[in-house]
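See below for upload-v5.txt, which holds compact mmCIF, C-alpha atoms and all ligand atoms.
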# COMPACT_ATOMS: atom_id res chain seq x y z
CA MET A 1 0.00 0.00 0.00
CA LYS A 2 1.17 3.55 -0.76
CA ARG A 3 2.21 5.61 2.27
CA ARG A 4 -0.29 8.37 2.85
CA LYS A 5 1.13 11.93 2.72
CA PHE A 6 0.06 14.41 5.38
CA VAL A 7 -0.80 18.05 5.02
CA LYS A 8 2.16 20.45 5.45
CA LYS A 9 2.37 22.34 8.75
CA ALA A 10 2.27 25.83 7.21
CA ILE A 11 -0.82 24.99 5.17
CA LEU A 12 -2.49 23.46 8.22
CA SER A 13 -1.91 26.54 10.32
CA SER A 14 -3.33 28.84 7.63
CA MET A 15 -6.43 26.61 7.48
CA VAL A 16 -6.79 26.82 11.24
CA ALA A 17 -6.53 30.61 11.03
CA ILE A 18 -9.34 30.83 8.46
CA ILE A 19 -11.66 28.34 10.17
CA GLY A 20 -11.02 29.88 13.60
CA TYR A 21 -10.88 26.52 15.40
CA ASP A 22 -8.11 24.04 15.99
CA ILE A 23 -8.39 21.14 13.51
CA VAL A 24 -8.03 18.39 16.12
CA PHE A 25 -6.74 15.62 13.83
CA GLY A 26 -5.17 18.14 11.44
CA ALA A 27 -1.70 16.58 11.65
CA ILE A 28 -2.96 13.39 9.98
CA MET A 29 -5.14 15.12 7.39
CA PRO A 30 -4.19 13.92 3.89
CA GLU A 31 -2.13 16.27 1.75
CA GLY A 32 -4.24 18.25 -0.71
CA TYR A 33 -7.45 17.69 1.25
CA GLU A 34 -9.71 20.72 1.59
CA PRO A 35 -11.78 20.77 4.79
CA LEU A 36 -15.51 21.32 4.18
CA ALA A 37 -15.43 24.52 6.23
CA LEU A 38 -13.15 26.08 3.60
CA GLN A 39 -15.21 24.86 0.68
CA GLY A 40 -18.16 26.80 2.02
CA LEU A 41 -16.58 30.23 1.54
CA ASP A 42 -19.00 32.33 -0.47
CA PRO A 43 -17.24 33.91 -3.48
CA TYR A 44 -20.04 36.46 -3.88
CA LYS A 45 -19.35 37.70 -0.36
CA ILE A 46 -15.56 37.57 -0.57
CA PHE A 47 -15.45 39.48 -3.86
CA LYS A 48 -18.59 41.61 -3.20
CA LYS A 49 -20.21 40.45 -6.44
CA ASP A 50 -23.87 40.46 -7.37
CA LYS A 51 -25.63 37.09 -7.06
CA GLY A 52 -26.46 37.20 -10.77
CA MET A 53 -22.77 36.87 -11.73
CA VAL A 54 -21.82 33.46 -13.11
CA ILE A 55 -18.90 31.42 -11.76
CA LEU A 56 -17.05 29.67 -14.58
CA ASN A 57 -14.17 28.32 -12.51
CA ASP A 58 -13.05 28.48 -8.89
CA LYS A 59 -9.43 27.32 -9.29
CA PRO A 60 -8.53 29.93 -10.36
CA TRP A 61 -11.49 32.25 -9.91
CA ASN A 62 -13.20 33.23 -13.15
CA ILE A 63 -16.54 34.97 -12.90
CA GLU A 64 -18.57 36.72 -15.59
CA ALA A 65 -21.48 39.15 -15.82
CA LYS A 66 -24.64 38.74 -17.84
CA ALA A 67 -25.52 41.34 -20.48
CA HIS A 68 -28.32 42.97 -18.47
CA LEU A 69 -26.02 43.36 -15.43
CA LEU A 70 -23.73 45.59 -17.49
CA ASP A 71 -26.36 48.31 -17.94
CA ASP A 72 -24.52 50.99 -15.90
CA LYS A 73 -22.51 53.54 -17.83
CA VAL A 74 -19.65 53.07 -15.36
CA THR A 75 -19.30 49.42 -14.31
CA PRO A 76 -19.51 49.05 -10.52
CA ASN A 77 -17.38 46.38 -8.82
CA LYS A 78 -20.34 44.08 -8.18
CA TYR A 79 -20.82 43.56 -11.94
CA MET A 80 -17.18 43.45 -12.97
CA PHE A 81 -15.95 40.12 -14.33
CA ILE A 82 -12.99 38.37 -12.70
CA ARG A 83 -10.30 36.67 -14.74
CA ASN A 84 -7.45 35.08 -12.82
CA ASN A 85 -4.75 32.89 -14.33
CA GLY A 86 -3.26 31.99 -10.97
CA LEU A 87 -3.90 32.41 -7.26
CA ILE A 88 -4.68 35.82 -5.75
CA PRO A 89 -1.67 37.06 -3.74
CA LYS A 90 -2.03 36.63 0.00
CA ASN A 91 -0.90 39.16 2.62
CA ILE A 92 -0.75 42.19 0.35
CA ASN A 93 0.76 45.12 2.23
CA ALA A 94 0.23 48.38 0.37
CA THR A 95 2.39 50.38 2.76
CA ASN A 96 5.57 48.55 1.72
CA TRP A 97 4.56 47.83 -1.89
CA THR A 98 7.19 48.71 -4.49
CA LEU A 99 7.47 48.83 -8.26
CA THR A 100 10.81 48.05 -9.85
CA ILE A 101 11.61 49.20 -13.38
CA ASP A 102 14.30 47.07 -15.01
CA GLY A 103 15.10 45.40 -18.33
CA GLU A 104 17.64 45.68 -21.15
CA SER A 105 16.38 49.08 -22.25
CA VAL A 106 16.15 51.02 -19.00
CA VAL A 107 18.86 53.65 -18.45
CA GLN A 108 19.20 52.63 -14.82
CA LYS A 109 17.16 50.12 -12.86
CA LYS A 110 15.12 51.78 -10.11
CA THR A 111 12.58 50.88 -7.44
CA TYR A 112 9.76 53.22 -6.48
CA THR A 113 7.55 52.87 -3.42
CA LEU A 114 3.83 53.09 -3.99
CA THR A 115 3.76 56.22 -1.82
CA GLU A 116 6.37 57.82 -4.07
CA LEU A 117 4.40 56.96 -7.21
CA LYS A 118 1.28 58.56 -5.74
CA SER A 119 3.00 61.76 -4.58
CA LYS A 120 5.62 62.36 -7.25
CA PHE A 121 3.48 62.13 -10.38
CA LYS A 122 0.28 63.82 -11.52
CA GLN A 123 -2.84 61.66 -11.20
CA HIS A 124 -5.34 61.12 -13.99
CA THR A 125 -8.74 59.45 -14.19
CA TYR A 126 -10.17 57.74 -17.28
CA GLN A 127 -13.04 55.39 -17.91
CA LEU A 128 -11.49 52.45 -19.76
CA THR A 129 -12.94 49.41 -21.50
CA LEU A 130 -11.33 46.13 -20.48
CA GLU A 131 -12.46 43.07 -22.39
CA CYS A 132 -10.93 39.63 -21.99
CA GLY A 133 -9.51 38.40 -25.31
CA GLY A 134 -11.53 35.20 -24.78
CA ASN A 135 -14.90 36.90 -24.25
CA GLY A 136 -17.43 34.99 -26.42
CA ARG A 137 -15.28 31.85 -26.52
CA ASN A 138 -18.27 29.58 -25.77
CA GLU A 139 -19.52 29.89 -29.37
CA PHE A 140 -16.47 28.49 -31.13
CA ASP A 141 -16.75 25.26 -33.08
CA PRO A 142 -14.68 23.13 -32.83
CA PRO A 143 -14.78 24.27 -29.19
CA ALA A 144 -11.82 26.14 -27.79
CA LYS A 145 -10.41 25.14 -24.41
CA GLY A 146 -10.44 27.68 -21.61
CA ASN A 147 -13.10 29.52 -19.65
CA GLN A 148 -16.33 29.39 -21.60
CA TRP A 149 -17.06 33.12 -21.50
CA THR A 150 -20.37 34.12 -23.07
CA VAL A 151 -20.69 37.91 -23.32
CA GLY A 152 -19.88 39.13 -19.82
CA ALA A 153 -16.08 39.38 -19.71
CA VAL A 154 -16.07 43.12 -20.36
CA SER A 155 -16.14 46.15 -18.07
CA CYS A 156 -15.73 49.90 -18.21
CA ALA A 157 -14.83 51.31 -14.80
CA LYS A 158 -13.18 54.60 -13.88
CA TRP A 159 -9.48 54.12 -13.17
CA THR A 160 -7.26 56.61 -11.36
CA GLY A 161 -3.50 56.50 -11.35
CA ILE A 162 -0.38 57.94 -12.89
CA ARG A 163 0.60 57.80 -16.52
CA LEU A 164 3.10 55.05 -17.26
CA ARG A 165 4.63 57.56 -19.68
CA ASP A 166 5.43 60.02 -16.85
CA LEU A 167 7.20 57.26 -14.96
CA LEU A 168 9.16 56.13 -18.03
CA GLU A 169 10.21 59.74 -18.67
CA ASP A 170 11.38 60.04 -15.07
CA ILE A 171 13.52 56.93 -15.24
CA GLY A 172 14.67 57.22 -18.86
CA ILE A 173 14.44 54.49 -21.46
CA LYS A 174 16.91 53.74 -24.23
CA ASP A 175 16.23 54.24 -27.94
CA ASN A 176 16.22 50.48 -28.48
CA ALA A 177 13.22 49.96 -26.16
CA ILE A 178 10.39 48.27 -28.05
CA TYR A 179 8.18 46.56 -25.46
CA ILE A 180 7.26 46.67 -21.80
CA GLY A 181 6.47 43.53 -19.80
CA TYR A 182 4.81 43.34 -16.40
CA HIS A 183 5.50 41.02 -13.47
CA ALA A 184 3.03 40.54 -10.65
CA ALA A 185 2.60 39.11 -7.18
CA ASP A 186 0.06 36.36 -7.93
CA THR A 187 1.05 32.70 -7.54
CA HIS A 188 1.17 30.04 -10.24
CA LEU A 189 -1.52 27.36 -9.85
CA SER A 190 1.22 24.80 -9.13
CA GLN A 191 2.39 27.09 -6.28
CA ASP A 192 5.86 26.88 -7.79
CA PRO A 193 7.46 30.24 -6.85
CA ASN A 194 9.65 30.11 -9.97
CA LYS A 195 6.68 30.13 -12.30
CA GLU A 196 4.56 33.16 -13.15
CA PRO A 197 0.83 32.72 -13.89
CA ILE A 198 1.01 35.47 -16.50
CA SER A 199 3.52 38.15 -17.55
CA ARG A 200 2.38 40.08 -20.59
CA GLY A 201 2.88 43.61 -21.88
CA ALA A 202 2.61 46.00 -24.79
CA PRO A 203 4.73 47.82 -27.35
CA VAL A 204 6.33 51.02 -26.06
CA ALA A 205 3.96 53.10 -28.24
CA LYS A 206 0.97 51.73 -26.32
CA ALA A 207 2.78 52.21 -23.00
CA LEU A 208 3.30 55.88 -23.86
CA GLN A 209 -0.36 56.69 -24.57
CA ASP A 210 -2.07 59.23 -22.28
CA GLU A 211 -4.59 56.64 -21.08
CA THR A 212 -2.11 53.90 -20.15
CA LEU A 213 -2.09 54.06 -16.37
CA LEU A 214 -0.49 52.59 -13.32
CA ALA A 215 -3.72 52.65 -11.36
CA PHE A 216 -4.39 52.51 -7.65
CA LYS A 217 -8.07 53.47 -7.64
CA MET A 218 -11.14 52.03 -9.30
CA ASN A 219 -14.37 54.04 -9.28
CA GLY A 220 -12.86 56.41 -6.71
CA GLU A 221 -11.87 53.77 -4.15
CA ASP A 222 -8.91 51.49 -3.53
CA ILE A 223 -8.92 48.81 -6.26
CA PRO A 224 -10.63 45.66 -4.87
CA ILE A 225 -8.03 42.97 -4.09
CA VAL A 226 -9.23 40.60 -6.81
CA HIS A 227 -8.92 43.36 -9.42
CA GLY A 228 -5.29 44.16 -8.67
CA TYR A 229 -4.88 46.05 -5.37
CA PRO A 230 -2.69 47.92 -4.68
CA LEU A 231 -1.24 48.60 -8.16
CA ARG A 232 -2.44 47.68 -11.60
CA LEU A 233 -1.46 48.42 -15.17
CA ILE A 234 -4.42 49.58 -17.27
CA ALA A 235 -4.26 49.51 -21.06
CA GLY A 236 -7.79 50.15 -22.33
CA GLY A 237 -8.93 48.85 -25.73
CA TRP A 238 -6.42 45.98 -25.77
CA PRO A 239 -7.08 42.46 -24.50
CA ALA A 240 -7.48 42.88 -20.74
CA SER A 241 -4.61 40.42 -20.21
CA VAL A 242 -2.28 43.35 -20.96
CA SER A 243 -3.65 45.11 -17.85
CA GLY A 244 -1.55 43.33 -15.24
CA LYS A 245 -2.97 43.15 -11.71
CA TRP A 246 -0.85 43.28 -8.50
CA ILE A 247 2.18 44.49 -10.46
CA ASN A 248 5.53 44.91 -8.73
CA ARG A 249 7.90 45.04 -11.69
CA ILE A 250 7.92 46.39 -15.24
CA SER A 251 10.71 45.38 -17.59
CA ILE A 252 11.67 47.65 -20.48
CA ARG A 253 12.58 45.23 -23.22
CA ASN A 254 14.70 45.55 -26.35
CA LYS A 255 12.58 42.79 -27.93
CA ILE A 256 8.98 41.64 -27.76
CA HIS A 257 8.39 40.66 -24.13
CA ASP A 258 8.77 36.89 -23.76
CA GLY A 259 6.98 36.38 -20.42
CA THR A 260 4.39 33.71 -19.63
CA LYS A 261 1.42 33.74 -22.06
CA MET A 262 3.20 35.77 -24.74
CA LYS A 263 3.89 32.79 -27.00
CA GLY A 264 2.25 29.88 -28.79
CA THR A 265 -1.52 30.14 -28.91
CA ALA A 266 -1.81 32.36 -25.80
CA TYR A 267 -3.40 35.69 -26.71
CA ARG A 268 -2.33 35.13 -30.28
CA VAL A 269 -4.39 34.39 -33.38
CA PRO A 270 -3.50 33.25 -36.91
CA CYS A 271 -2.15 36.30 -38.79
CA GLU A 272 -4.25 35.18 -41.78
CA PRO A 273 -7.70 33.50 -41.47
CA VAL A 274 -7.60 29.67 -41.31
CA ALA A 275 -10.17 26.87 -41.67
CA PRO A 276 -11.78 25.85 -38.33
CA GLY A 277 -9.68 23.27 -36.48
CA LYS A 278 -6.57 23.77 -38.60
CA LYS A 279 -3.17 23.53 -36.92
CA VAL A 280 -1.27 26.80 -37.25
CA ASN A 281 2.51 27.14 -37.16
CA ASN A 282 4.00 29.28 -34.42
CA GLU A 283 5.44 31.80 -36.87
CA ASP A 284 2.02 32.30 -38.44
CA MET A 285 0.47 33.46 -35.15
CA CYS A 286 0.20 37.18 -34.28
CA ILE A 287 -0.19 38.84 -30.87
CA ILE A 288 -3.65 40.37 -30.36
CA GLU A 289 -3.41 44.14 -30.09
CA SER A 290 -6.43 46.47 -30.39
CA MET A 291 -9.72 44.61 -29.74
CA PRO A 292 -12.34 44.51 -32.52
CA VAL A 293 -15.58 46.52 -32.77
CA LYS A 294 -18.33 45.11 -30.55
CA SER A 295 -21.55 45.97 -28.73
CA LEU A 296 -23.88 44.66 -26.07
CA ILE A 297 -27.60 45.22 -25.52
CA THR A 298 -27.89 45.74 -21.76
CA TYR A 299 -31.60 46.61 -21.63
CA PRO A 300 -33.97 44.86 -21.76
CA LYS A 301 -32.93 41.45 -20.55
CA SER A 302 -33.21 38.71 -23.19
CA GLY A 303 -36.65 37.08 -22.99
CA ALA A 304 -38.50 40.29 -22.08
CA MET A 305 -42.20 40.47 -22.93
CA ILE A 306 -44.05 43.57 -24.10
CA LYS A 307 -47.69 44.28 -24.91
CA GLU A 308 -48.74 44.54 -28.55
CA GLY A 309 -48.75 48.15 -29.76
CA LYS A 310 -46.19 49.25 -27.17
CA LYS A 311 -42.81 50.59 -28.17
CA LEU A 312 -39.65 49.05 -26.79
CA ASN A 313 -36.70 51.17 -25.68
CA ILE A 314 -33.41 49.33 -25.96
CA ARG A 315 -29.98 50.49 -24.83
CA GLY A 316 -26.44 49.26 -24.43
CA HIS A 317 -22.77 49.97 -25.00
CA ALA A 318 -20.44 49.74 -27.98
CA TRP A 319 -16.65 49.86 -28.20
CA ALA A 320 -13.94 49.35 -30.81
CA GLY A 321 -10.52 48.86 -29.20
CA GLU A 322 -8.32 51.82 -30.12
CA LEU A 323 -10.99 53.22 -32.44
CA GLU A 324 -14.39 54.80 -31.90
CA VAL A 325 -17.78 53.47 -32.86
CA CYS A 326 -19.39 55.84 -35.38
CA LYS A 327 -22.52 53.89 -36.35
CA MET A 328 -24.87 51.69 -34.36
CA GLU A 329 -27.80 49.75 -35.84
CA TYR A 330 -30.41 47.20 -34.82
CA SER A 331 -32.36 44.57 -36.73
CA ILE A 332 -35.60 42.75 -35.80
CA ASP A 333 -35.66 40.54 -38.92
CA PHE A 334 -32.57 38.40 -38.38
CA GLY A 335 -30.26 40.86 -40.06
CA SER A 336 -32.16 41.43 -43.35
CA THR A 337 -32.70 45.12 -42.69
CA TRP A 338 -31.09 47.50 -40.21
CA LYS A 339 -32.27 50.72 -38.54
CA LYS A 340 -30.13 53.34 -36.84
CA CYS A 341 -29.62 53.67 -33.09
CA SER A 342 -28.48 56.89 -31.44
CA ILE A 343 -24.90 56.65 -30.23
CA GLU A 344 -23.10 58.92 -27.78
CA LYS A 345 -19.47 60.00 -27.94
CA PRO A 346 -17.14 58.29 -25.45
CA VAL A 347 -16.42 60.26 -22.23
CA ASN A 348 -12.75 59.86 -23.13
CA ARG A 349 -10.70 57.82 -25.60
CA LEU A 350 -10.92 54.04 -25.00
CA ALA A 351 -14.19 54.24 -23.02
CA TRP A 352 -17.28 52.43 -24.29
CA GLN A 353 -20.13 54.43 -25.83
CA HIS A 354 -23.82 54.27 -25.07
CA PHE A 355 -26.49 53.63 -27.66
CA TYR A 356 -30.26 53.57 -27.57
CA ALA A 357 -33.22 53.12 -29.90
CA THR A 358 -37.01 52.86 -29.81
CA ILE A 359 -38.44 49.85 -31.61
CA ASN A 360 -41.92 49.29 -33.06
CA PHE A 361 -42.90 45.67 -33.64
CA PRO A 362 -45.38 45.05 -36.47
CA LYS A 363 -47.49 42.40 -34.69
CA LYS A 364 -47.66 39.79 -31.93
CA GLY A 365 -45.06 37.05 -31.82
CA TYR A 366 -41.44 36.16 -31.21
CA TYR A 367 -38.66 38.49 -32.27
CA GLU A 368 -34.95 38.83 -31.89
CA VAL A 369 -33.23 42.17 -31.61
CA TRP A 370 -29.73 42.12 -33.05
CA ALA A 371 -27.28 44.98 -32.53
CA ARG A 372 -24.40 45.91 -34.82
CA ALA A 373 -21.64 48.49 -34.34
CA THR A 374 -19.37 49.95 -37.01
CA ASP A 375 -16.00 51.53 -36.23
CA THR A 376 -14.38 54.64 -37.72
CA GLN A 377 -12.54 52.50 -40.28
CA GLY A 378 -15.88 51.22 -41.59
CA VAL A 379 -15.54 47.75 -40.08
CA SER A 380 -18.81 46.27 -38.76
CA GLN A 381 -19.47 43.42 -36.38
CA PRO A 382 -20.09 40.12 -38.19
CA MET A 383 -23.57 38.60 -37.83
CA ILE A 384 -22.12 35.19 -37.11
CA LEU A 385 -18.95 33.92 -35.46
CA PRO A 386 -15.83 35.50 -37.01
CA GLY A 387 -12.51 33.81 -37.84
CA TRP A 388 -11.86 30.59 -35.97
CA ASN A 389 -8.63 30.49 -33.95
CA PRO A 390 -7.19 27.79 -31.68
CA LYS A 391 -7.94 29.50 -28.35
CA GLY A 392 -11.27 31.08 -29.25
CA TYR A 393 -10.35 34.76 -29.04
CA LEU A 394 -11.99 37.85 -30.56
CA ASN A 395 -15.58 36.69 -31.01
CA ASN A 396 -17.28 39.99 -31.82
CA ALA A 397 -20.44 38.59 -33.45
CA CYS A 398 -23.60 40.70 -33.08
CA HIS A 399 -25.26 40.43 -29.68
CA ARG A 400 -28.92 39.40 -29.78
CA ILE A 401 -31.82 39.29 -27.36
CA ALA A 402 -35.21 37.54 -27.57
CA ILE A 403 -38.43 39.58 -27.28
CA LYS A 404 -42.02 38.34 -27.08
CA VAL A 405 -44.83 40.67 -28.11
CA THR A 406 -48.04 39.44 -26.49
N1 LIG A 501 -1.27 39.51 -12.38
C1 LIG A 501 -2.27 39.19 -13.17
N2 LIG A 501 -2.80 40.12 -13.99
C2 LIG A 501 -3.84 39.81 -14.81
C3 LIG A 501 -4.36 38.49 -14.85
C4 LIG A 501 -3.80 37.52 -13.97
O1 LIG A 501 -4.22 36.37 -13.91
N3 LIG A 501 -2.76 37.91 -13.15
N4 LIG A 501 -5.35 38.19 -15.75
C5 LIG A 501 -5.42 39.04 -16.94
C6 LIG A 501 -6.58 38.76 -17.78
S1 LIG A 501 -6.45 37.45 -18.84
C7 LIG A 501 -7.69 39.58 -17.77
S2 LIG A 501 -8.95 39.33 -18.86
C8 LIG A 501 -7.79 40.71 -16.82
C9 LIG A 501 -9.03 40.59 -15.97
O2 LIG A 501 -9.15 41.68 -15.11
P1 LIG A 501 -10.25 41.67 -13.96
O3 LIG A 501 -10.19 40.35 -13.23
O4 LIG A 501 -9.92 42.83 -13.08
O5 LIG A 501 -11.60 41.87 -14.63
O6 LIG A 501 -6.67 40.81 -15.94
C10 LIG A 501 -5.41 40.52 -16.53
N5 LIG A 501 -4.36 40.78 -15.60
MO MO A 502 -8.25 37.62 -20.33
Mind turning this structure into structure tokens?
Amino acid sequence: MKRRKFVKKAILSSMVAIIGYDIVFGAIMPEGYEPLALQGLDPYKIFKKDKGMVILNDKPWNIEAKAHLLDDKVTPNKYMFIRNNGLIPKNINATNWTLTIDGESVVQKKTYTLTELKSKFKQHTYQLTLECGGNGRNEFDPPAKGNQWTVGAVSCAKWTGIRLRDLLEDIGIKDNAIYIGYHAADTHLSQDPNKEPISRGAPVAKALQDETLLAFKMNGEDIPIVHGYPLRLIAGGWPASVSGKWINRISIRNKIHDGTKMKGTAYRVPCEPVAPGKKVNNEDMCIIESMPVKSLITYPKSGAMIKEGKKLNIRGHAWAGELEVCKMEYSIDFGSTWKKCSIEKPVNRLAWQHFYATINFPKKGYYEVWARATDTQGVSQPMILPGWNPKGYLNNACHRIAIKVT
């Protein structure tokens, strides 16, 4: 018979601390066993999320919103999706938090304290759209592995922090700098301290944009722990994986950053469209940069019923990565004809835009309302699933809701 392995002392004592009672036979508890008392922890309470949010995975935590929960113009924490690649850092201490800037292309490596960052540089606030590159993955066929996001892995909160550009100007970067890469305090799922769950970044040009922030506030308060407290990179309009949470180091690279999840099929898609299911060579994969044009009907909720003869007011948000949305339309006849919606300007660059329309339905029955956004380069959302890719990124197909006229 195999010898049974017992739980490690350090892990046992942390379990005791959470449960608040001595685990009497704890010393002979099998390794890897999770006491029931710990399994009962309510994620909605811990993360202060609305009960309507959907848990896709608990190891690591991945939680998404539903379309109608994203109705607010500024996304509050309770409706903000959670995407973790690893384990949330424990024992975060903001008072001794530091950010080190290093890499081949930094003039001289330097470490700033969080207090210094907050006091030395001017603070800015922007509302910024963060959408997971895998939002909409659930529709891909053949299916793509990973969290099966439907439509709710997108948010647009107000972020306050300092410009990454101001920091880079302070420290000085060399002419050969081409990319920045972040490093963070979260733990790899294997708990191996030598592995990083994720370490991505962006070209220097994106890092130098006005809206690229090192943020310490979200919607006017300290960033919630799960969303990156006490310091987070925010790069609106790009896959949200670029917006590193819990960051403690930024490397200025003289090449494309080669951290975890920068290679292979991670956050990369075939540079040219391929047939569904096809194997794509590494050199034919391109890093996702600006996210594609997309929209979401946030009111009413799909399945809503209205009385015959009544008009229906719909509304929602539209966004287009680095671009703006300049046209918004809806269809009630499965995309045969389209009518215009009103669309507002964004409050600032890289923030989503609000649209609304009033719809008349010709008679009783079942309808679908489809929404379609067009960006300033004339590119519109596809009606059906766009280009297949191995990891199921960039699904920007038209959002649709069901309506019954009774
Ligand atoms: N350190 C760290 N940063 C991270 C991640 C992570 O797992 N660890 N996930 C990334 C991904 S893939 C996404 S989509 C966003 C999600 O941000 P949110 O959980 O605040 O909504 O954070 C990004 N930043
Ligand atoms: Mo993501």
Selection as a list of chain:residue names: residues within 7 Å of ligand LIG 501 (chain A) by all atoms listed in the file: A:Met80, A:Phe81, A:Ile82, A:Arg83, A:Asn84, A:Asn85, A:Gly86, A:Glu131, A:Cys132, A:Gly133, A:Ala184, A:Ala185, A:Asp186, A:Pro197, A:Ile198, A:Val226, A:His227, A:Gly228, A:Pro239, A:Ala240, A:Ser241, A:Val242, A:Ser243, A:Gly244, A:Lys245, A:Trp246, A:Ile247
Counting all atoms listed in the file, the option among A:Ile63, A:Ile11, A:Leu312, A:Ala94 closest to ligand MO 502 (chain A): A:Ile63
Grab the atom CA of A:Asn135 to atom CA of A:Asn395 distance for me, in Å with one decimal place.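 Pair atom CA of A:Asn135 / atom CA of A:Asn395 returns 6.8 Å.
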Write out as a list in words each polymer residue whose atoms come within 6 Å of A:His399, counting only C-alpha atoms; drop sequence neighbours fewer than 4 positions from it. Leu296, Trp370 and Ala371 of chain A
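With atom CA of A:Glu221 on one side and atom CA of A:Trp352 on the other, the separation reads 20.9 Å.
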Please, which residues are within 8 Å of (6.6, 32.3, -18.6) by the file's coordinates, counting all atoms listed in the file, and could they come as JSON, numbers by chain? {"A": [195, 196, 197, 198, 199, 258, 259, 260, 261, 262]}
Using all atoms listed in the file, pick whichever of A:Ser251, A:Gln123, A:Thr376, A:Thr187 has the shortest atom-to-atom distance to A:Glu211. A:Gln123
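Each of A:Tyr182, A:Trp159, A:Phe334, A:Tyr79 was compared to A:Arg400 using all atoms listed in the file, and A:Phe334 turns out to be the nearest.
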Nearest candidate to A:Leu56 (options A:Asn147, A:Asn254, A:Asn77, A:Thr100; using only C-alpha atoms):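 Smallest separation from A:Leu56 among the options: A:Asn147.
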Which residue of A:Leu168, A:Ala202, A:Arg163, A:Phe140 approaches A:Ala397 most closely, using only C-alpha atoms: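 Residue with the minimum atom-to-atom distance to A:Ala397: A:Phe140.
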If you measure from atom CA of A:Pro89 to atom CA of A:Lys66, what distance in Å do you get, rounded to one decimal?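 So the two atoms, atom CA of A:Pro89 and atom CA of A:Lys66, lie 27.0 Å apart.
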Compare A:Trp338, A:Phe216, A:Tyr267, A:Tyr366 by their minimum atom-to-atom distance to ligand MO 502 (chain A), counting all atoms listed in the file, and give me the closest one.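 Smallest separation from ligand MO 502 (chain A) among the options: A:Tyr267.
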Considering only C-alpha atoms, return as a list in words whatever protein or nucleic-acid residues lie within 6 Å of stretch 306-309 of chain A, sequence-local ones (same chain, fewer than 5 positions apart) excluded. Lys364, Val405 and Thr406 of chain A
10 Å contact set for stretch 20-29 of chain A, all atoms listed in the file, chain neighbours under 5 positions out, as a list in words: Arg4, Lys5, Phe6, Val7, Lys8, Lys9, Leu12, Ser13, Ser14, Met15, Glu34 and Pro35 of chain A
If we count all atoms listed in the file, what is near A:Ile250 at a cut-off of 9 Å, once residues fewer than 5 positions away on the same chain are taken out, given as number ranges by chain? A: 99-103, 180-184, 201
Quick one: everything within 8 Å of A:Asp375, counting only C-alpha atoms, minus sequence neighbours fewer than 3 positions away in the same chain. Send it as a list in words. Val293, Ala320, Leu323, Glu324, Val325, Cys326, Lys327, Gly378, Val379 and Ser380 of chain A
Preceding selection exported with C-alpha atoms as a PDB file, in the frame of the given file:
ATOM      1  CA  VAL A 293     -15.580  46.520 -32.770  1.00  0.00           C
ATOM      2  CA  ALA A 320     -13.940  49.350 -30.810  1.00  0.00           C
ATOM      3  CA  LEU A 323     -10.990  53.220 -32.440  1.00  0.00           C
ATOM      4  CA  GLU A 324     -14.390  54.800 -31.900  1.00  0.00           C
ATOM      5  CA  VAL A 325     -17.780  53.470 -32.860  1.00  0.00           C
ATOM      6  CA  CYS A 326     -19.390  55.840 -35.380  1.00  0.00           C
ATOM      7  CA  LYS A 327     -22.520  53.890 -36.350  1.00  0.00           C
ATOM      8  CA  GLY A 378     -15.880  51.220 -41.590  1.00  0.00           C
ATOM      9  CA  VAL A 379     -15.540  47.750 -40.080  1.00  0.00           C
ATOM     10  CA  SER A 380     -18.810  46.270 -38.760  1.00  0.00           C
TER      11      SER A 380
END
Adding 5 Å on each side of the box along x, y and z that holds all listed atoms of stretch 218-228 of chain A, could you give its centre and edge lengths in Å to one decimal, as lines of an AutoDock Vina configuration file?
center_x = -9.8
center_y = 48.5
center_z = -6.5
size_x = 19.1
size_y = 25.8
size_z = 15.9
